[in-house]
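This report concerns only the one structure given below.
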Number of protein chains: 2
Amino acid sequence: MTSSIIRNPLSRRGFLGAAAAAGAGIGLGPAHAEKPAPDPLITEVQDWNRYLGDGVDKRPYGTPSPFEKHVVRRHVAWLTASPESSVNFTPLHELDGIITPSGLCFERHHGGIAEIDPANHRLMIHGLVEKPLVFTMEDLKRMPRENRIYFLECAANSGMEWRGAQLNGCQFTHGMVHNVMYTGVTLKTLLNEVGLKPNAKWLMLEGADSAGMNRSLPVEKALDDVLIAFGMNGEALRPEQGYPLRAVIPGWEGNLWVKWLRRIEVGDQPWQAREETSKYTDLLADGRSRRFTFYMDAKSVVTNPSPQAPLKHKGRNVLTGIAWSGRGHIERVDVSLDGGRNWRTARIDGPVLEKSLTRFYVDFDWQGEALLIQSRAMDSTGYVQPSKDDLRKVRGVNSIYHNNGIQTWHVRPDGETENVEIG
Amino acid sequence: MTSSIIRNPLSRRGFLGAAAAAGAGIGLGPAHAEKPAPDPLITEVQDWNRYLGDGVDKRPYGTPSPFEKHVVRRHVAWLTASPESSVNFTPLHELDGIITPSGLCFERHHGGIAEIDPANHRLMIHGLVEKPLVFTMEDLKRMPRENRIYFLECAANSGMEWRGAQLNGCQFTHGMVHNVMYTGVTLKTLLNEVGLKPNAKWLMLEGADSAGMNRSLPVEKALDDVLIAFGMNGEALRPEQGYPLRAVIPGWEGNLWVKWLRRIEVGDQPWQAREETSKYTDLLADGRSRRFTFYMDAKSVVTNPSPQAPLKHKGRNVLTGIAWSGRGHIERVDVSLDGGRNWRTARIDGPVLEKSLTRFYVDFDWQGEALLIQSRAMDSTGYVQPSKDDLRKVRGVNSIYHNNGIQTWHVRPDGETENVEIG
């Protein structure tokens, strides 16, 4: 059976690294030409062909293969004073499609993960309302619910890059984003239950964690598309994502998506909470700060190749990445391989949804030349993702938040890839 | 702050079971009337408000809350001779939306879970082809890829119910279905690489597990929408779902979706493999068998309420379920609360995709009356899900496979729910 097998012609164009030993340069036609030594992986019985594996009683809740141990969230110890008020990062370069696995969604906490028994959790809504109410989790699950896929991006995503290329890997430069299908009740439904008073203009959302994280939200957004979610990707929220209840504020910065949500107070002005004054404001070059930059503007990044996922083979390759916009859906993504001199329109594949990650691809041929890879997203409002320099002209380099500038990866002739900036 | 808080009026309509103790019958208006004792969950500081939780360094790959331990796949020991050639079931009654979490996707194995190092995995395509080829996983990941959401249903799903109501819970009656976003290369792309000979009519797909599971597939389907997938729900396939490579045969019975895919042989007729002769054929009343019943016809089930998820509260309630069709998308789902006498059209929420689970809801008021709950799916071809009796008229009761009949749940006045059949 194996005598007519030849190596894949994909290999013909040359190999780099470990793959080079396997058999380059073979495959001139069907069933003739030089024959490689038979591949023992094809001709010999392997252990997994020989022995029974685990049965269906062994894994009530499944986990990834041991060969995927490297696919994990990572944190950067020097970034913050403690891991309880810190962040880790989604391994974007290991993912595909548009759904982020729940176990790999980046975490950002201000007082660690609250571990809450849902039977003991309450959501109180009070303040400028006709009828203040307390909801149990069972109450919420008896109200009409919705399912929506939205991205969540931390305002500080790519924040380290304001002053130039810093972190080597899209997990670290762009990994404070994830994309999840949420299940929950619209906040509008809950506000209709309590009845807003005419002077209700702002809401304060507060978490039950030890930080008591809170943020102010304009009532217009609350009545638009905000969800009070108890589900993610089909099952209950994960503890680090706010179990049993979180706010979902589509298209707006992640800090507003209060986790372990226990209280909503309705008022007539913003609360000026710690997290919207000393933090999550954009410091401009002249020392003034921008307040309430809620929207996450259109952005994209090439996830492969990237510093953690270098090119290993000459010939055919798949470039892929993600794009998103807090103001609508992704209309188009362009990719450059030469630092922005020439652009080609990427192939978008999979669902294109409002305020959701969108997956794009460029299938390309690589012959070992150096590349400067960039991607540039355009959203349904016509907005085009800016260069970092364009952002700096307006915002200076003091900011931490809301950096949606174009990212550049430098692919070297040996396939290794690094984070760079080009003038 | 708490003096004006009253219990949720959802509670006013009465409670059943444990919730009854919490405070029924209160809440006559805003900020006055009889005041309940302050809820210590609101007025007192809880442990999770007081202490720092886990930091971002603790959970590189996250798992569900300890309070969700009951949300697991379950198997039924008496159903099969060994757990290595058996099935477990998706806990549909605990899920929402349309994405099945990867750790909860039902498993069906014929020789247990093959544990394969992807570096040592090969896919060989040979037979009636111009150029037989062997692909490594890295080869496959360098070819153009797609992302698609599809349901996978085992042909034997609901099979126990042919002779009447048997298993008490939608996890067991309908839990051999899941819905996942796959990432992979189209089989058409691979067949274009090897070049089909003119007499190529059938493909044989073979797994690398100890069962060497194999099935025959018509070439027309292979060239239509079949994916050779290495990703699910954003990350690598899970071991029990065929890591590192599986076939995705949209809309067709799950047994064809060969896992741990190692070989595709191209021929001019079907292979008559064990799994398509002695198994996965439909035995009719007269002793003849239907061969190659590939399509999974339109089907639906109410997942809540159901025997494992009884009604606990009078008043407002959410009925929800899933519908799917192997021949297109779900056009409409009707729900009856009285055993099919009256039907109402359910609210479909979330994406409606081809050959995908679709989520539906009916928000209803329950005052403790007995209910006979049914759902009936209609797909984009105009096909309407039949009653079990209609199926039996054509197929008899000897079948195991392809039971897509309407399911009935009996909700008793105490809210407990059971699997029944009505004449």
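Ordering of the structure tokens sets the chain letters (A, B, ...); residue numbers start at 1 within each chain; ligands are numbered from 1 in the order shown.
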
Could you give me the residues within range 162-212 of chain B that DSSP places in alpha helix (DSSP H), as a PDB file with N, CA and C atoms, in the first residue's frame?
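Result went into result.pdb, see below:
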```pdb
ATOM      1  N   CYS B 170     -33.415  15.125  29.114  1.00  0.00           N
ATOM      2  CA  CYS B 170     -33.015  15.404  27.733  1.00  0.00           C
ATOM      3  C   CYS B 170     -31.528  15.150  27.532  1.00  0.00           C
ATOM      4  N   GLN B 171     -30.747  15.150  28.628  1.00  0.00           N
ATOM      5  CA  GLN B 171     -29.338  14.771  28.481  1.00  0.00           C
ATOM      6  C   GLN B 171     -29.229  13.367  27.899  1.00  0.00           C
ATOM      7  N   PHE B 172     -30.136  12.483  28.310  1.00  0.00           N
ATOM      8  CA  PHE B 172     -30.064  11.082  27.876  1.00  0.00           C
ATOM      9  C   PHE B 172     -30.882  10.820  26.607  1.00  0.00           C
ATOM     10  N   THR B 173     -32.022  11.499  26.472  1.00  0.00           N
ATOM     11  CA  THR B 173     -32.846  11.261  25.278  1.00  0.00           C
ATOM     12  C   THR B 173     -32.275  11.971  24.049  1.00  0.00           C
ATOM     13  N   HIS B 174     -31.643  13.144  24.258  1.00  0.00           N
ATOM     14  CA  HIS B 174     -31.215  13.964  23.124  1.00  0.00           C
ATOM     15  C   HIS B 174     -29.768  14.444  23.223  1.00  0.00           C
ATOM     16  N   LEU B 187     -12.104  19.329   2.401  1.00  0.00           N
ATOM     17  CA  LEU B 187     -11.651  18.082   1.782  1.00  0.00           C
ATOM     18  C   LEU B 187     -11.480  18.288   0.280  1.00  0.00           C
ATOM     19  N   LYS B 188     -12.281  19.182  -0.284  1.00  0.00           N
ATOM     20  CA  LYS B 188     -12.151  19.492  -1.702  1.00  0.00           C
ATOM     21  C   LYS B 188     -10.738  19.995  -2.028  1.00  0.00           C
ATOM     22  N   THR B 189     -10.199  20.844  -1.164  1.00  0.00           N
ATOM     23  CA  THR B 189      -8.830  21.345  -1.369  1.00  0.00           C
ATOM     24  C   THR B 189      -7.832  20.183  -1.402  1.00  0.00           C
ATOM     25  N   LEU B 190      -7.989  19.252  -0.468  1.00  0.00           N
ATOM     26  CA  LEU B 190      -7.052  18.119  -0.409  1.00  0.00           C
ATOM     27  C   LEU B 190      -7.221  17.207  -1.614  1.00  0.00           C
ATOM     28  N   LEU B 191      -8.478  16.998  -2.031  1.00  0.00           N
ATOM     29  CA  LEU B 191      -8.710  16.124  -3.187  1.00  0.00           C
ATOM     30  C   LEU B 191      -8.186  16.765  -4.468  1.00  0.00           C
ATOM     31  N   ASN B 192      -8.228  18.095  -4.525  1.00  0.00           N
ATOM     32  CA  ASN B 192      -7.615  18.774  -5.667  1.00  0.00           C
ATOM     33  C   ASN B 192      -6.100  18.562  -5.689  1.00  0.00           C
ATOM     34  N   GLU B 193      -5.496  18.461  -4.506  1.00  0.00           N
ATOM     35  CA  GLU B 193      -4.043  18.210  -4.441  1.00  0.00           C
ATOM     36  C   GLU B 193      -3.688  16.839  -4.999  1.00  0.00           C
ATOM     37  N   VAL B 194      -4.484  15.829  -4.625  1.00  0.00           N
ATOM     38  CA  VAL B 194      -4.143  14.471  -5.056  1.00  0.00           C
ATOM     39  C   VAL B 194      -4.689  14.170  -6.447  1.00  0.00           C
TER      40      VAL B 194
END
```

Members of range 194-397 of chain B assigned strand (DSSP E) by DSSP, as an mmCIF file with N, CA and C atoms, in the first residue's frame:
```
data_model
loop_
_atom_site.group_PDB
_atom_site.id
_atom_site.type_symbol
_atom_site.label_atom_id
_atom_site.label_comp_id
_atom_site.auth_asym_id
_atom_site.auth_seq_id
_atom_site.Cartn_x
_atom_site.Cartn_y
_atom_site.Cartn_z
ATOM 1 N N TRP B 202 -16.379 6.879 -4.384
ATOM 2 C CA TRP B 202 -16.537 6.784 -2.931
ATOM 3 C C TRP B 202 -15.186 6.965 -2.247
ATOM 4 N N LEU B 203 -15.247 7.507 -1.026
ATOM 5 C CA LEU B 203 -14.053 7.625 -0.206
ATOM 6 C C LEU B 203 -14.241 6.769 1.040
ATOM 7 N N MET B 204 -13.147 6.219 1.545
ATOM 8 C CA MET B 204 -13.192 5.535 2.819
ATOM 9 C C MET B 204 -12.351 6.347 3.803
ATOM 10 N N LEU B 205 -12.971 6.767 4.884
ATOM 11 C CA LEU B 205 -12.280 7.545 5.918
ATOM 12 C C LEU B 205 -11.966 6.617 7.071
ATOM 13 N N GLU B 206 -10.732 6.656 7.538
ATOM 14 C CA GLU B 206 -10.296 5.721 8.582
ATOM 15 C C GLU B 206 -9.604 6.454 9.721
ATOM 16 N N GLY B 207 -9.946 6.069 10.947
ATOM 17 C CA GLY B 207 -9.359 6.684 12.135
ATOM 18 C C GLY B 207 -8.117 5.957 12.598
ATOM 19 N N ASN B 214 -13.928 3.142 10.485
ATOM 20 C CA ASN B 214 -13.952 3.623 9.099
ATOM 21 C C ASN B 214 -15.371 3.654 8.534
ATOM 22 N N ARG B 215 -15.559 4.564 7.616
ATOM 23 C CA ARG B 215 -16.856 4.732 6.951
ATOM 24 C C ARG B 215 -16.645 5.148 5.497
ATOM 25 N N SER B 216 -17.643 4.851 4.682
ATOM 26 C CA SER B 216 -17.633 5.217 3.259
ATOM 27 C C SER B 216 -18.401 6.521 3.059
ATOM 28 N N LEU B 217 -17.887 7.353 2.193
ATOM 29 C CA LEU B 217 -18.487 8.667 1.942
ATOM 30 C C LEU B 217 -18.567 8.896 0.429
ATOM 31 N N PRO B 218 -19.733 9.297 -0.074
ATOM 32 C CA PRO B 218 -19.824 9.568 -1.522
ATOM 33 C C PRO B 218 -18.975 10.776 -1.915
ATOM 34 N N LEU B 227 -15.184 19.319 5.844
ATOM 35 C CA LEU B 227 -13.954 19.927 6.361
ATOM 36 C C LEU B 227 -13.076 18.848 6.989
ATOM 37 N N ILE B 228 -11.793 18.979 6.821
ATOM 38 C CA ILE B 228 -10.831 18.192 7.590
ATOM 39 C C ILE B 228 -10.313 19.151 8.655
ATOM 40 N N ALA B 229 -10.822 18.952 9.882
ATOM 41 C CA ALA B 229 -10.694 19.988 10.919
ATOM 42 C C ALA B 229 -9.606 19.657 11.922
ATOM 43 N N PHE B 230 -8.864 20.690 12.291
ATOM 44 C CA PHE B 230 -7.908 20.559 13.389
ATOM 45 C C PHE B 230 -8.259 21.456 14.565
ATOM 46 N N GLY B 231 -9.268 22.324 14.386
ATOM 47 C CA GLY B 231 -9.652 23.227 15.459
ATOM 48 C C GLY B 231 -11.119 23.113 15.809
ATOM 49 N N MET B 232 -11.446 23.356 17.075
ATOM 50 C CA MET B 232 -12.848 23.432 17.510
ATOM 51 C C MET B 232 -12.978 24.545 18.542
ATOM 52 N N GLU B 235 -9.773 26.622 19.567
ATOM 53 C CA GLU B 235 -8.507 25.996 19.945
ATOM 54 C C GLU B 235 -8.372 24.654 19.225
ATOM 55 N N ALA B 236 -7.333 23.894 19.554
ATOM 56 C CA ALA B 236 -7.152 22.577 18.934
ATOM 57 C C ALA B 236 -8.318 21.662 19.307
ATOM 58 N N ARG B 246 -9.962 15.529 12.531
ATOM 59 C CA ARG B 246 -11.207 14.782 12.354
ATOM 60 C C ARG B 246 -11.910 15.235 11.088
ATOM 61 N N ALA B 247 -12.809 14.378 10.609
ATOM 62 C CA ALA B 247 -13.673 14.749 9.496
ATOM 63 C C ALA B 247 -14.920 15.449 10.036
ATOM 64 N N VAL B 248 -15.346 16.481 9.345
ATOM 65 C CA VAL B 248 -16.589 17.204 9.652
ATOM 66 C C VAL B 248 -17.492 17.050 8.431
ATOM 67 N N LEU B 261 -8.360 11.080 12.267
ATOM 68 C CA LEU B 261 -8.364 10.707 10.841
ATOM 69 C C LEU B 261 -6.943 10.508 10.324
ATOM 70 N N ARG B 262 -6.653 9.310 9.834
ATOM 71 C CA ARG B 262 -5.294 9.024 9.366
ATOM 72 C C ARG B 262 -5.238 8.645 7.891
ATOM 73 N N ARG B 263 -6.384 8.261 7.309
ATOM 74 C CA ARG B 263 -6.303 7.721 5.957
ATOM 75 C C ARG B 263 -7.610 7.975 5.232
ATOM 76 N N ILE B 264 -7.497 8.371 3.980
ATOM 77 C CA ILE B 264 -8.640 8.467 3.082
ATOM 78 C C ILE B 264 -8.278 7.689 1.825
ATOM 79 N N GLU B 265 -9.033 6.643 1.578
ATOM 80 C CA GLU B 265 -8.806 5.860 0.365
ATOM 81 C C GLU B 265 -9.931 6.176 -0.619
ATOM 82 N N VAL B 266 -9.578 6.368 -1.868
ATOM 83 C CA VAL B 266 -10.573 6.704 -2.882
ATOM 84 C C VAL B 266 -10.853 5.458 -3.721
ATOM 85 N N GLY B 267 -12.135 5.119 -3.880
ATOM 86 C CA GLY B 267 -12.506 3.939 -4.653
ATOM 87 C C GLY B 267 -13.710 4.205 -5.536
ATOM 88 N N ASP B 282 -30.773 1.100 9.512
ATOM 89 C CA ASP B 282 -32.080 1.155 10.173
ATOM 90 C C ASP B 282 -32.885 -0.098 9.848
ATOM 91 N N LEU B 283 -33.079 -0.921 10.862
ATOM 92 C CA LEU B 283 -33.840 -2.158 10.699
ATOM 93 C C LEU B 283 -35.338 -1.821 10.650
ATOM 94 N N SER B 289 -33.263 -3.752 5.980
ATOM 95 C CA SER B 289 -32.560 -2.612 6.581
ATOM 96 C C SER B 289 -32.376 -1.497 5.565
ATOM 97 N N ARG B 290 -32.503 -0.285 6.047
ATOM 98 C CA ARG B 290 -32.133 0.866 5.212
ATOM 99 C C ARG B 290 -30.619 1.052 5.303
ATOM 100 N N LYS B 299 -35.106 18.350 13.709
ATOM 101 C CA LYS B 299 -35.418 17.812 15.031
ATOM 102 C C LYS B 299 -35.326 18.952 16.029
ATOM 103 N N SER B 300 -35.971 18.779 17.154
ATOM 104 C CA SER B 300 -35.888 19.791 18.211
ATOM 105 C C SER B 300 -36.194 19.120 19.535
ATOM 106 N N VAL B 301 -35.826 19.777 20.607
ATOM 107 C CA VAL B 301 -36.198 19.317 21.948
ATOM 108 C C VAL B 301 -36.224 20.513 22.884
ATOM 109 N N VAL B 302 -37.186 20.489 23.781
ATOM 110 C CA VAL B 302 -37.216 21.483 24.857
ATOM 111 C C VAL B 302 -36.245 21.018 25.935
ATOM 112 N N THR B 303 -35.258 21.844 26.228
ATOM 113 C CA THR B 303 -34.247 21.456 27.228
ATOM 114 C C THR B 303 -34.621 21.926 28.636
ATOM 115 N N ASN B 304 -35.442 22.971 28.728
ATOM 116 C CA ASN B 304 -35.904 23.504 30.027
ATOM 117 C C ASN B 304 -37.326 24.042 29.861
ATOM 118 N N GLY B 315 -45.537 31.562 38.185
ATOM 119 C CA GLY B 315 -45.360 32.891 37.592
ATOM 120 C C GLY B 315 -44.499 32.808 36.361
ATOM 121 N N ARG B 316 -43.743 33.867 36.128
ATOM 122 C CA ARG B 316 -42.899 33.924 34.944
ATOM 123 C C ARG B 316 -41.957 32.741 34.858
ATOM 124 N N ASN B 317 -41.820 32.210 33.667
ATOM 125 C CA ASN B 317 -40.829 31.172 33.423
ATOM 126 C C ASN B 317 -40.313 31.269 31.991
ATOM 127 N N VAL B 318 -39.133 30.733 31.803
ATOM 128 C CA VAL B 318 -38.540 30.673 30.468
ATOM 129 C C VAL B 318 -38.503 29.216 30.023
ATOM 130 N N LEU B 319 -39.158 28.928 28.920
ATOM 131 C CA LEU B 319 -39.009 27.636 28.252
ATOM 132 C C LEU B 319 -37.973 27.827 27.161
ATOM 133 N N THR B 320 -37.023 26.893 27.081
ATOM 134 C CA THR B 320 -36.039 27.019 26.005
ATOM 135 C C THR B 320 -35.681 25.656 25.445
ATOM 136 N N GLY B 321 -35.113 25.672 24.253
ATOM 137 C CA GLY B 321 -34.711 24.432 23.611
ATOM 138 C C GLY B 321 -33.857 24.697 22.389
ATOM 139 N N ILE B 322 -33.523 23.604 21.719
ATOM 140 C CA ILE B 322 -32.676 23.676 20.527
ATOM 141 C C ILE B 322 -33.341 22.935 19.375
ATOM 142 N N ALA B 323 -33.060 23.422 18.175
ATOM 143 C CA ALA B 323 -33.578 22.799 16.959
ATOM 144 C C ALA B 323 -32.451 22.764 15.938
ATOM 145 N N TRP B 324 -32.498 21.781 15.036
ATOM 146 C CA TRP B 324 -31.446 21.659 14.036
ATOM 147 C C TRP B 324 -31.953 20.843 12.855
ATOM 148 N N ILE B 330 -32.908 26.230 10.353
ATOM 149 C CA ILE B 330 -34.213 26.170 11.023
ATOM 150 C C ILE B 330 -35.005 27.415 10.648
ATOM 151 N N GLU B 331 -36.187 27.182 10.150
ATOM 152 C CA GLU B 331 -37.037 28.273 9.691
ATOM 153 C C GLU B 331 -37.961 28.729 10.822
ATOM 154 N N ARG B 332 -38.399 27.791 11.630
ATOM 155 C CA ARG B 332 -39.405 28.099 12.645
ATOM 156 C C ARG B 332 -39.484 26.931 13.623
ATOM 157 N N VAL B 333 -39.807 27.248 14.869
ATOM 158 C CA VAL B 333 -40.078 26.212 15.870
ATOM 159 C C VAL B 333 -41.392 26.558 16.537
ATOM 160 N N ASP B 334 -42.303 25.604 16.609
ATOM 161 C CA ASP B 334 -43.551 25.787 17.342
ATOM 162 C C ASP B 334 -43.486 24.984 18.631
ATOM 163 N N VAL B 335 -44.134 25.505 19.655
ATOM 164 C CA VAL B 335 -44.140 24.855 20.965
ATOM 165 C C VAL B 335 -45.584 24.690 21.419
ATOM 166 N N SER B 336 -45.879 23.520 21.968
ATOM 167 C CA SER B 336 -47.180 23.286 22.580
ATOM 168 C C SER B 336 -46.992 23.026 24.067
ATOM 169 N N ARG B 344 -47.765 27.513 19.697
ATOM 170 C CA ARG B 344 -47.346 28.906 19.523
ATOM 171 C C ARG B 344 -45.946 28.924 18.909
ATOM 172 N N THR B 345 -45.660 29.937 18.119
ATOM 173 C CA THR B 345 -44.352 30.021 17.473
ATOM 174 C C THR B 345 -43.328 30.558 18.471
ATOM 175 N N ARG B 347 -39.806 32.110 19.984
ATOM 176 C CA ARG B 347 -38.869 33.182 19.639
ATOM 177 C C ARG B 347 -37.497 32.546 19.410
ATOM 178 N N ILE B 348 -36.953 32.718 18.213
ATOM 179 C CA ILE B 348 -35.603 32.211 17.936
ATOM 180 C C ILE B 348 -34.616 33.321 18.263
ATOM 181 N N THR B 358 -29.962 25.759 16.710
ATOM 182 C CA THR B 358 -30.622 27.052 16.763
ATOM 183 C C THR B 358 -31.360 27.105 18.095
ATOM 184 N N ARG B 359 -31.258 28.212 18.792
ATOM 185 C CA ARG B 359 -31.837 28.342 20.139
ATOM 186 C C ARG B 359 -33.212 28.986 20.052
ATOM 187 N N PHE B 360 -34.186 28.418 20.751
ATOM 188 C CA PHE B 360 -35.517 29.039 20.794
ATOM 189 C C PHE B 360 -36.013 29.193 22.235
ATOM 190 N N TYR B 361 -36.931 30.141 22.402
ATOM 191 C CA TYR B 361 -37.495 30.449 23.714
ATOM 192 C C TYR B 361 -39.004 30.665 23.618
ATOM 193 N N VAL B 362 -39.698 30.313 24.692
ATOM 194 C CA VAL B 362 -41.075 30.766 24.917
ATOM 195 C C VAL B 362 -41.122 31.276 26.355
ATOM 196 N N ASP B 363 -41.386 32.558 26.507
ATOM 197 C CA ASP B 363 -41.526 33.130 27.849
ATOM 198 C C ASP B 363 -42.987 32.957 28.247
ATOM 199 N N PHE B 364 -43.236 32.242 29.338
ATOM 200 C CA PHE B 364 -44.628 31.897 29.670
ATOM 201 C C PHE B 364 -44.890 32.036 31.158
ATOM 202 N N ASP B 365 -46.162 32.062 31.484
ATOM 203 C CA ASP B 365 -46.607 32.186 32.864
ATOM 204 C C ASP B 365 -47.167 30.836 33.301
ATOM 205 N N TRP B 366 -46.735 30.367 34.463
ATOM 206 C CA TRP B 366 -47.188 29.049 34.921
ATOM 207 C C TRP B 366 -47.828 29.172 36.298
ATOM 208 N N LEU B 371 -48.640 20.333 32.480
ATOM 209 C CA LEU B 371 -48.319 20.699 31.101
ATOM 210 C C LEU B 371 -47.835 19.456 30.340
ATOM 211 N N LEU B 372 -48.117 19.437 29.066
ATOM 212 C CA LEU B 372 -47.520 18.436 28.165
ATOM 213 C C LEU B 372 -46.761 19.226 27.099
ATOM 214 N N ILE B 373 -45.459 19.342 27.304
ATOM 215 C CA ILE B 373 -44.635 20.244 26.491
ATOM 216 C C ILE B 373 -44.069 19.512 25.280
ATOM 217 N N GLN B 374 -44.211 20.116 24.115
ATOM 218 C CA GLN B 374 -43.655 19.570 22.872
ATOM 219 C C GLN B 374 -43.057 20.701 22.046
ATOM 220 N N SER B 375 -42.089 20.362 21.224
ATOM 221 C CA SER B 375 -41.590 21.333 20.242
ATOM 222 C C SER B 375 -41.526 20.652 18.884
ATOM 223 N N ARG B 376 -41.700 21.462 17.845
ATOM 224 C CA ARG B 376 -41.789 20.938 16.470
ATOM 225 C C ARG B 376 -41.021 21.888 15.561
ATOM 226 N N ALA B 377 -39.944 21.367 14.969
ATOM 227 C CA ALA B 377 -39.073 22.215 14.140
ATOM 228 C C ALA B 377 -39.491 22.141 12.677
ATOM 229 N N MET B 378 -39.337 23.262 12.007
ATOM 230 C CA MET B 378 -39.512 23.299 10.549
ATOM 231 C C MET B 378 -38.219 23.832 9.942
ATOM 232 N N ASP B 379 -37.722 23.173 8.882
ATOM 233 C CA ASP B 379 -36.459 23.638 8.311
ATOM 234 C C ASP B 379 -36.669 24.391 7.008
#
```

Quick one, how far is CA of Gly368 in chain B from CA of Glu416 in chain B?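 Answer for the CA of Gly368 in chain B to CA of Glu416 in chain B separation: 10.7 Å.
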
Name the residues in contact with Asn179 in chain B at a cut-off of 7 Å, using only C-alpha atoms, excluding same-chain residues fewer than 2 positions from it; report them as a tab-separated table (two decimals) with N, CA and C atoms, in the first residue's frame.
```tsv
chain	number	residue	atom	x	y	z
B	98	ILE	N	-25.89	28.69	21.44
B	98	ILE	CA	-25.76	27.62	20.44
B	98	ILE	C	-24.39	26.98	20.42
B	99	ILE	N	-23.43	27.49	21.17
B	99	ILE	CA	-22.10	26.88	21.21
B	99	ILE	C	-22.05	25.86	22.35
B	100	THR	N	-21.68	24.64	22.05
B	100	THR	CA	-21.49	23.65	23.11
B	100	THR	C	-20.05	23.78	23.62
B	149	ILE	N	-19.64	26.77	11.86
B	149	ILE	CA	-20.35	26.21	13.00
B	149	ILE	C	-21.31	25.13	12.50
B	150	TYR	N	-21.17	23.91	13.00
B	150	TYR	CA	-22.06	22.81	12.60
B	150	TYR	C	-22.46	21.98	13.82
B	151	PHE	N	-23.69	21.44	13.75
B	151	PHE	CA	-24.06	20.43	14.75
B	151	PHE	C	-23.50	19.08	14.34
B	152	LEU	N	-23.22	18.26	15.33
B	152	LEU	CA	-22.90	16.85	15.12
B	152	LEU	C	-23.90	16.07	15.95
B	356	SER	N	-26.76	23.93	11.87
B	356	SER	CA	-26.28	24.35	13.19
B	356	SER	C	-27.43	24.26	14.18
B	357	LEU	N	-27.12	24.04	15.44
B	357	LEU	CA	-28.15	24.20	16.47
B	357	LEU	C	-28.67	25.62	16.42
```

Shell of 8 Å around range 389-395 of chain A, only C-alpha atoms, local chain residues under 2 positions omitted, as a PyMOL selection string: chain A and resi 162+283-285+386-387+397-399+403+405

Could you write those residues out with N, CA and C atoms, as a tab-separated table (two decimals), in the first residue's frame?
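In the end it all went to again16.tsv:
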```tsv
chain	number	residue	atom	x	y	z
A	162	TRP	N	2.68	52.48	23.19
A	162	TRP	CA	2.61	53.90	22.87
A	162	TRP	C	3.99	54.51	22.60
A	283	LEU	N	-4.12	60.28	29.30
A	283	LEU	CA	-3.28	61.46	29.56
A	283	LEU	C	-2.70	61.96	28.24
A	284	LEU	N	-2.97	63.23	27.94
A	284	LEU	CA	-2.51	63.80	26.67
A	284	LEU	C	-1.14	64.45	26.85
A	285	ALA	N	-0.57	64.88	25.74
A	285	ALA	CA	0.79	65.44	25.76
A	285	ALA	C	0.87	66.69	26.63
A	386	PRO	N	-5.81	53.62	12.30
A	386	PRO	CA	-4.71	54.55	12.02
A	386	PRO	C	-3.33	53.93	12.28
A	387	SER	N	-2.30	54.61	11.82
A	387	SER	CA	-0.94	54.22	12.19
A	387	SER	C	-0.68	54.68	13.62
A	397	VAL	N	2.56	60.58	23.84
A	397	VAL	CA	3.01	59.24	24.22
A	397	VAL	C	2.81	58.97	25.71
A	398	ASN	N	1.99	59.80	26.37
A	398	ASN	CA	1.74	59.58	27.80
A	398	ASN	C	0.61	58.60	28.08
A	399	SER	N	-0.14	58.30	27.05
A	399	SER	CA	-1.32	57.46	27.26
A	399	SER	C	-0.95	56.03	27.62
A	403	ASN	N	-4.95	52.38	22.48
A	403	ASN	CA	-4.01	52.34	21.37
A	403	ASN	C	-4.51	51.32	20.35
A	405	GLY	N	-3.46	51.47	17.10
A	405	GLY	CA	-2.59	51.69	15.95
A	405	GLY	C	-2.20	50.39	15.23
```

Which residues come within 10 Å of Ile116 in chain B, counting only C-alpha atoms, excluding same-chain residues fewer than 2 positions away, as a PyMOL selection string? (chain A and resi 46-49+65-67) or (chain B and resi 113-114+118-121+208-209+239+242-245+260)

Please write the residues from the selection above to a file, keeping C-alpha atoms, as a compact mmCIF listing (two decimals), in the first residue's frame.
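And here's selection-v1.txt as it stands now:
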```txt
# COMPACT_ATOMS: atom_id res chain seq x y z
CA GLN A 46 1.44 2.80 16.57
CA ASP A 47 0.53 2.54 20.24
CA TRP A 48 -2.69 4.42 19.65
CA ASN A 49 -3.70 1.82 17.06
CA SER A 65 -4.66 17.38 24.96
CA PRO A 66 -1.41 17.15 26.96
CA PHE A 67 0.30 18.12 23.69
CA ILE B 113 -9.69 7.91 23.17
CA ALA B 114 -6.56 7.76 21.01
CA PRO B 118 0.44 15.69 16.46
CA ALA B 119 4.10 15.64 15.39
CA ASN B 120 3.64 11.91 14.77
CA HIS B 121 0.30 12.10 13.01
CA ALA B 208 -6.07 6.04 13.94
CA ASP B 209 -7.79 4.80 17.09
CA PRO B 239 -8.60 14.40 22.40
CA GLY B 242 -10.35 13.36 17.39
CA TYR B 243 -7.23 15.40 18.20
CA PRO B 244 -5.33 16.23 16.12
CA LEU B 245 -7.60 15.73 13.06
CA TRP B 260 -8.16 10.75 14.65
```

Give me, as a ChimeraX atom specification, all polymer residues having an atom no more than 10 Å from Thr381 in chain B, counting only C-alpha atoms and skipping those fewer than 4 positions away in the same chain. /B:298,325,327-331
